[in-house]
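*Asks:* Sending over a structure as structure tokens; questions will come in a sec.
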2 protein chains.
Amino acid sequence: MMSSIKKMVLAWQGNFRFVARNEKGLSVDFDAPVPNGGEEAALSPMENVLASLAACSSYHVVSILRKKRQEFSDYSVEMTADRRDEPPRVFTRIHLKYFVRGKKISEEAVKSAIKLSEEKYCSVGGMLKSAVEITSSYEISQE
Amino acid sequence: MMSSIKKMVLAWQGNFRFVARNEKGLSVDFDAPVPNGGEEAALSPMENVLASLAACSSYHVVSILRKKRQEFSDYSVEMTADRRDEPPRVFTRIHLKYFVRGKKISEEAVKSAIKLSEEKYCSVGGMLKSAVEITSSYEISQE
């Protein structure tokens, strides 16, 4: 089985602020919520993971919808996550609700794009789903 | 068991660019690598997850080092991840190398901070470790 290697560096920026960079210099900032001693200058790591799940799945959903010639003008995902209050404060359940707006959007295409993304392609979901119950739904708005 | 709920929204920004926002308006951007059709305007979802693991663990490591009165002046983490080339393109192994620089840094304190973070507190690690082999090491530089 082939594999590739990814390298990144995280640097401390004072208090609970951190910045992570990849080899091309692209970066993401992190901070902690105020009740946890942070200043809320950026999303927390757990918020970033939740966002990454939606973004990863959406990359594949958008990619498949394009291949199926679906002309969407707007696309978004609402995420709702239940989080344990005791450490480790993991997500126990995540629901993703996909919104697709456009002309003559096929429900079948949306349904199968989401299914393919979640069951086969989305790598963030592929890592999380053994620990977190992930469900989804969708809403289509015809223009 | 108590739990809390987190809500976020991901919005499509054209091509493979997305932005995710929490309820306070804090956001993170995503893009895809050029070979995958993106423009590399931001980190990919998988890079964000890797960064989030290091940031989550570091929040706890830094927090514990402070409680143990360790006067560090610099702190960083190098991440190395092996990723499958076939879908789902999950990480199969992640190594975190922690770097702590400061005055009279106790190796015992660093070791136990990393252990507590990884085994008990870090919630991103708590979700990933059933799917990914996560290892770590550290290097201390005395000032």
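Residue names in the structure tokens use chain letters A, B, ... in the order shown, residue numbers from 1 in each chain, and ligand numbers from 1 in the order shown.
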Give chain B as a PDB file with C-alpha atoms, in the first residue's frame once it has been least-squares superposed onto chain A over every C-alpha atom, paired in order.
*Replies:*
```pdb
ATOM      1  CA  MET B   1       0.037  -0.006  -0.017  1.00  0.00           C
ATOM      2  CA  MET B   2       1.392   3.371  -1.098  1.00  0.00           C
ATOM      3  CA  SER B   3       1.550   6.289   1.277  1.00  0.00           C
ATOM      4  CA  SER B   4       2.774   9.865   1.296  1.00  0.00           C
ATOM      5  CA  ILE B   5       4.252  11.951   4.088  1.00  0.00           C
ATOM      6  CA  LYS B   6       3.018  15.288   5.386  1.00  0.00           C
ATOM      7  CA  LYS B   7       5.099  17.572   7.596  1.00  0.00           C
ATOM      8  CA  MET B   8       3.952  20.635   9.515  1.00  0.00           C
ATOM      9  CA  VAL B   9       5.156  22.782  12.405  1.00  0.00           C
ATOM     10  CA  LEU B  10       3.134  24.308  15.244  1.00  0.00           C
ATOM     11  CA  ALA B  11       4.592  27.339  17.028  1.00  0.00           C
ATOM     12  CA  TRP B  12       3.525  28.812  20.353  1.00  0.00           C
ATOM     13  CA  GLN B  13       2.467  32.473  20.157  1.00  0.00           C
ATOM     14  CA  GLY B  14       1.997  33.239  23.864  1.00  0.00           C
ATOM     15  CA  ASN B  15      -0.760  32.256  26.273  1.00  0.00           C
ATOM     16  CA  PHE B  16      -2.830  29.581  24.463  1.00  0.00           C
ATOM     17  CA  ARG B  17      -2.321  30.906  20.957  1.00  0.00           C
ATOM     18  CA  PHE B  18      -0.620  28.727  18.346  1.00  0.00           C
ATOM     19  CA  VAL B  19       0.000  28.887  14.616  1.00  0.00           C
ATOM     20  CA  ALA B  20       0.577  25.829  12.433  1.00  0.00           C
ATOM     21  CA  ARG B  21       2.296  26.015   9.028  1.00  0.00           C
ATOM     22  CA  ASN B  22       2.695  23.546   6.200  1.00  0.00           C
ATOM     23  CA  GLU B  23       5.790  23.316   3.960  1.00  0.00           C
ATOM     24  CA  LYS B  24       4.387  25.956   1.591  1.00  0.00           C
ATOM     25  CA  GLY B  25       3.866  28.495   4.380  1.00  0.00           C
ATOM     26  CA  LEU B  26       0.062  28.215   4.509  1.00  0.00           C
ATOM     27  CA  SER B  27      -1.084  28.557   8.101  1.00  0.00           C
ATOM     28  CA  VAL B  28      -3.939  28.217  10.567  1.00  0.00           C
ATOM     29  CA  ASP B  29      -4.302  29.932  13.943  1.00  0.00           C
ATOM     30  CA  PHE B  30      -5.617  28.429  17.157  1.00  0.00           C
ATOM     31  CA  ASP B  31      -6.752  29.888  20.459  1.00  0.00           C
ATOM     32  CA  ALA B  32      -8.723  28.690  23.466  1.00  0.00           C
ATOM     33  CA  PRO B  33     -12.170  29.907  24.625  1.00  0.00           C
ATOM     34  CA  VAL B  34     -12.128  32.580  27.366  1.00  0.00           C
ATOM     35  CA  PRO B  35     -13.443  30.173  30.061  1.00  0.00           C
ATOM     36  CA  ASN B  36     -10.434  27.938  29.295  1.00  0.00           C
ATOM     37  CA  GLY B  37      -7.919  30.767  29.666  1.00  0.00           C
ATOM     38  CA  GLY B  38      -7.727  31.848  26.028  1.00  0.00           C
ATOM     39  CA  GLU B  39      -8.558  35.102  24.281  1.00  0.00           C
ATOM     40  CA  GLU B  40     -10.729  33.687  21.482  1.00  0.00           C
ATOM     41  CA  ALA B  41      -8.513  35.216  18.805  1.00  0.00           C
ATOM     42  CA  ALA B  42      -9.087  32.133  16.656  1.00  0.00           C
ATOM     43  CA  LEU B  43     -11.039  28.892  16.577  1.00  0.00           C
ATOM     44  CA  SER B  44     -10.182  26.152  19.056  1.00  0.00           C
ATOM     45  CA  PRO B  45      -8.623  22.870  17.879  1.00  0.00           C
ATOM     46  CA  MET B  46     -11.939  21.017  18.324  1.00  0.00           C
ATOM     47  CA  GLU B  47     -13.829  23.643  16.309  1.00  0.00           C
ATOM     48  CA  ASN B  48     -11.169  23.264  13.616  1.00  0.00           C
ATOM     49  CA  VAL B  49     -11.658  19.504  13.506  1.00  0.00           C
ATOM     50  CA  LEU B  50     -15.427  19.903  13.166  1.00  0.00           C
ATOM     51  CA  ALA B  51     -14.933  22.469  10.379  1.00  0.00           C
ATOM     52  CA  SER B  52     -12.370  20.173   8.700  1.00  0.00           C
ATOM     53  CA  LEU B  53     -14.865  17.310   8.620  1.00  0.00           C
ATOM     54  CA  ALA B  54     -17.446  19.495   6.841  1.00  0.00           C
ATOM     55  CA  ALA B  55     -14.795  20.937   4.479  1.00  0.00           C
ATOM     56  CA  CYS B  56     -13.367  17.523   3.629  1.00  0.00           C
ATOM     57  CA  SER B  57     -16.777  16.048   2.911  1.00  0.00           C
ATOM     58  CA  SER B  58     -17.746  19.170   0.941  1.00  0.00           C
ATOM     59  CA  TYR B  59     -14.652  18.963  -1.255  1.00  0.00           C
ATOM     60  CA  HIS B  60     -15.900  15.569  -2.439  1.00  0.00           C
ATOM     61  CA  VAL B  61     -19.599  16.522  -2.591  1.00  0.00           C
ATOM     62  CA  VAL B  62     -18.834  19.619  -4.689  1.00  0.00           C
ATOM     63  CA  SER B  63     -16.461  17.617  -6.872  1.00  0.00           C
ATOM     64  CA  ILE B  64     -19.070  14.900  -7.529  1.00  0.00           C
ATOM     65  CA  LEU B  65     -21.892  17.424  -8.122  1.00  0.00           C
ATOM     66  CA  ARG B  66     -19.717  19.130 -10.744  1.00  0.00           C
ATOM     67  CA  LYS B  67     -19.002  15.823 -12.471  1.00  0.00           C
ATOM     68  CA  LYS B  68     -22.745  15.187 -12.515  1.00  0.00           C
ATOM     69  CA  ARG B  69     -23.226  18.634 -14.155  1.00  0.00           C
ATOM     70  CA  GLN B  70     -25.297  20.005 -11.280  1.00  0.00           C
ATOM     71  CA  GLU B  71     -25.423  23.803 -11.573  1.00  0.00           C
ATOM     72  CA  PHE B  72     -25.414  24.900  -7.953  1.00  0.00           C
ATOM     73  CA  SER B  73     -25.104  28.603  -7.122  1.00  0.00           C
ATOM     74  CA  ASP B  74     -24.919  28.214  -3.382  1.00  0.00           C
ATOM     75  CA  TYR B  75     -23.711  25.474  -1.067  1.00  0.00           C
ATOM     76  CA  SER B  76     -23.282  25.314   2.685  1.00  0.00           C
ATOM     77  CA  VAL B  77     -23.174  22.871   5.584  1.00  0.00           C
ATOM     78  CA  GLU B  78     -24.536  23.288   9.101  1.00  0.00           C
ATOM     79  CA  MET B  79     -22.672  21.272  11.701  1.00  0.00           C
ATOM     80  CA  THR B  80     -24.058  20.259  15.080  1.00  0.00           C
ATOM     81  CA  ALA B  81     -21.828  18.358  17.472  1.00  0.00           C
ATOM     82  CA  ASP B  82     -22.386  16.876  20.922  1.00  0.00           C
ATOM     83  CA  ARG B  83     -19.313  17.095  23.094  1.00  0.00           C
ATOM     84  CA  ARG B  84     -18.545  15.284  26.332  1.00  0.00           C
ATOM     85  CA  ASP B  85     -18.040  17.520  29.326  1.00  0.00           C
ATOM     86  CA  GLU B  86     -15.494  15.169  30.938  1.00  0.00           C
ATOM     87  CA  PRO B  87     -11.952  14.650  29.603  1.00  0.00           C
ATOM     88  CA  PRO B  88     -11.146  13.678  26.966  1.00  0.00           C
ATOM     89  CA  ARG B  89     -13.825  16.130  25.757  1.00  0.00           C
ATOM     90  CA  VAL B  90     -14.449  14.304  22.485  1.00  0.00           C
ATOM     91  CA  PHE B  91     -17.371  14.774  20.141  1.00  0.00           C
ATOM     92  CA  THR B  92     -19.790  11.914  20.631  1.00  0.00           C
ATOM     93  CA  ARG B  93     -22.120  12.767  17.752  1.00  0.00           C
ATOM     94  CA  ILE B  94     -21.835  15.021  14.722  1.00  0.00           C
ATOM     95  CA  HIS B  95     -24.640  15.899  12.341  1.00  0.00           C
ATOM     96  CA  LEU B  96     -23.925  17.549   8.991  1.00  0.00           C
ATOM     97  CA  LYS B  97     -26.803  19.213   7.150  1.00  0.00           C
ATOM     98  CA  TYR B  98     -25.965  19.982   3.518  1.00  0.00           C
ATOM     99  CA  PHE B  99     -27.716  22.860   1.712  1.00  0.00           C
ATOM    100  CA  VAL B 100     -27.592  22.963  -2.087  1.00  0.00           C
ATOM    101  CA  ARG B 101     -29.229  25.719  -4.131  1.00  0.00           C
ATOM    102  CA  GLY B 102     -29.372  25.869  -7.906  1.00  0.00           C
ATOM    103  CA  LYS B 103     -31.151  25.210 -11.183  1.00  0.00           C
ATOM    104  CA  LYS B 104     -32.705  21.784 -11.751  1.00  0.00           C
ATOM    105  CA  ILE B 105     -30.712  20.184  -8.935  1.00  0.00           C
ATOM    106  CA  SER B 106     -31.289  16.437  -8.928  1.00  0.00           C
ATOM    107  CA  GLU B 107     -32.077  15.035  -5.495  1.00  0.00           C
ATOM    108  CA  GLU B 108     -30.584  11.718  -6.599  1.00  0.00           C
ATOM    109  CA  ALA B 109     -27.286  13.439  -7.472  1.00  0.00           C
ATOM    110  CA  VAL B 110     -27.109  15.231  -4.104  1.00  0.00           C
ATOM    111  CA  LYS B 111     -27.958  12.077  -2.187  1.00  0.00           C
ATOM    112  CA  SER B 112     -25.385   9.970  -3.991  1.00  0.00           C
ATOM    113  CA  ALA B 113     -22.666  12.673  -3.763  1.00  0.00           C
ATOM    114  CA  ILE B 114     -23.115  12.827   0.031  1.00  0.00           C
ATOM    115  CA  LYS B 115     -23.188   9.039   0.329  1.00  0.00           C
ATOM    116  CA  LEU B 116     -20.031   8.565  -1.777  1.00  0.00           C
ATOM    117  CA  SER B 117     -18.219  11.304   0.106  1.00  0.00           C
ATOM    118  CA  GLU B 118     -19.149   9.993   3.540  1.00  0.00           C
ATOM    119  CA  GLU B 119     -18.733   6.294   2.836  1.00  0.00           C
ATOM    120  CA  LYS B 120     -15.777   6.257   0.479  1.00  0.00           C
ATOM    121  CA  TYR B 121     -13.797   9.431  -0.090  1.00  0.00           C
ATOM    122  CA  CYS B 122     -13.796  11.789   2.902  1.00  0.00           C
ATOM    123  CA  SER B 123     -10.571  11.084   4.781  1.00  0.00           C
ATOM    124  CA  VAL B 124     -11.384  13.203   7.851  1.00  0.00           C
ATOM    125  CA  GLY B 125     -14.623  11.261   8.253  1.00  0.00           C
ATOM    126  CA  GLY B 126     -12.706   8.046   7.623  1.00  0.00           C
ATOM    127  CA  MET B 127     -10.575   8.770  10.692  1.00  0.00           C
ATOM    128  CA  LEU B 128     -13.361  10.077  12.943  1.00  0.00           C
ATOM    129  CA  LYS B 129     -16.120   7.600  12.305  1.00  0.00           C
ATOM    130  CA  SER B 130     -14.736   4.814  14.440  1.00  0.00           C
ATOM    131  CA  ALA B 131     -14.920   7.193  17.439  1.00  0.00           C
ATOM    132  CA  VAL B 132     -17.839   9.513  16.618  1.00  0.00           C
ATOM    133  CA  GLU B 133     -21.357   8.812  15.368  1.00  0.00           C
ATOM    134  CA  ILE B 134     -21.671  10.902  12.188  1.00  0.00           C
ATOM    135  CA  THR B 135     -25.067  11.450  10.559  1.00  0.00           C
ATOM    136  CA  SER B 136     -26.239  13.727   7.770  1.00  0.00           C
ATOM    137  CA  SER B 137     -29.239  15.244   6.022  1.00  0.00           C
ATOM    138  CA  TYR B 138     -29.746  17.664   3.114  1.00  0.00           C
ATOM    139  CA  GLU B 139     -32.006  20.403   1.831  1.00  0.00           C
ATOM    140  CA  ILE B 140     -32.259  21.404  -1.815  1.00  0.00           C
ATOM    141  CA  SER B 141     -33.515  24.804  -2.961  1.00  0.00           C
ATOM    142  CA  GLN B 142     -34.489  25.036  -6.640  1.00  0.00           C
ATOM    143  CA  GLU B 143     -33.916  28.430  -8.276  1.00  0.00           C
TER     144      GLU B 143
END
```
*Asks:* Got a sec to tell me which of segment 6-119 of chain B DSSP assigns to alpha helix (DSSP H), as an mmCIF file with C-alpha atoms, in the first residue's frame?
*Replies:*
```cif
data_model
loop_
_atom_site.group_PDB
_atom_site.id
_atom_site.type_symbol
_atom_site.label_atom_id
_atom_site.label_comp_id
_atom_site.auth_asym_id
_atom_site.auth_seq_id
_atom_site.Cartn_x
_atom_site.Cartn_y
_atom_site.Cartn_z
ATOM 1 C CA PRO B 45 -8.948 19.851 5.685
ATOM 2 C CA MET B 46 -6.449 17.049 6.417
ATOM 3 C CA GLU B 47 -3.660 19.546 7.138
ATOM 4 C CA ASN B 48 -6.075 21.328 9.476
ATOM 5 C CA VAL B 49 -6.809 18.112 11.348
ATOM 6 C CA LEU B 50 -3.098 17.391 11.771
ATOM 7 C CA ALA B 51 -2.515 20.958 13.008
ATOM 8 C CA SER B 52 -5.535 20.655 15.343
ATOM 9 C CA LEU B 53 -4.091 17.524 16.938
ATOM 10 C CA ALA B 54 -0.812 19.326 17.710
ATOM 11 C CA ALA B 55 -2.660 22.458 18.916
ATOM 12 C CA CYS B 56 -5.034 20.484 21.127
ATOM 13 C CA SER B 57 -2.231 18.502 22.719
ATOM 14 C CA SER B 58 -0.156 21.683 23.097
ATOM 15 C CA TYR B 59 -2.965 23.518 24.881
ATOM 16 C CA HIS B 60 -2.780 20.856 27.595
ATOM 17 C CA VAL B 61 1.029 20.529 27.590
ATOM 18 C CA VAL B 62 1.470 24.305 27.952
ATOM 19 C CA SER B 63 -1.235 24.417 30.612
ATOM 20 C CA ILE B 64 0.409 21.636 32.657
ATOM 21 C CA LEU B 65 3.930 23.093 32.246
ATOM 22 C CA ARG B 66 2.636 26.412 33.598
ATOM 23 C CA LYS B 67 1.040 24.703 36.592
ATOM 24 C CA GLU B 107 12.563 16.640 31.853
ATOM 25 C CA GLU B 108 10.180 14.884 34.238
ATOM 26 C CA ALA B 109 7.690 17.768 33.948
ATOM 27 C CA VAL B 110 7.825 17.752 30.132
ATOM 28 C CA LYS B 111 7.460 13.986 29.962
ATOM 29 C CA SER B 112 4.502 13.900 32.320
ATOM 30 C CA ALA B 113 2.784 16.903 30.649
ATOM 31 C CA ILE B 114 2.951 15.136 27.264
ATOM 32 C CA LYS B 115 1.781 11.841 28.754
ATOM 33 C CA LEU B 116 -1.181 13.433 30.577
#
```
*Asks:* For the strand (DSSP E) assignment from backbone DSSP, which residues of segment 23-73 of chain B qualify? Please present them as a list in words.
*Replies:*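 Those in segment 23-73 of chain B that DSSP calls strand (DSSP E) are Ser27, Val28, Asp29, Phe30, Glu71, Phe72 and Ser73 of chain B.
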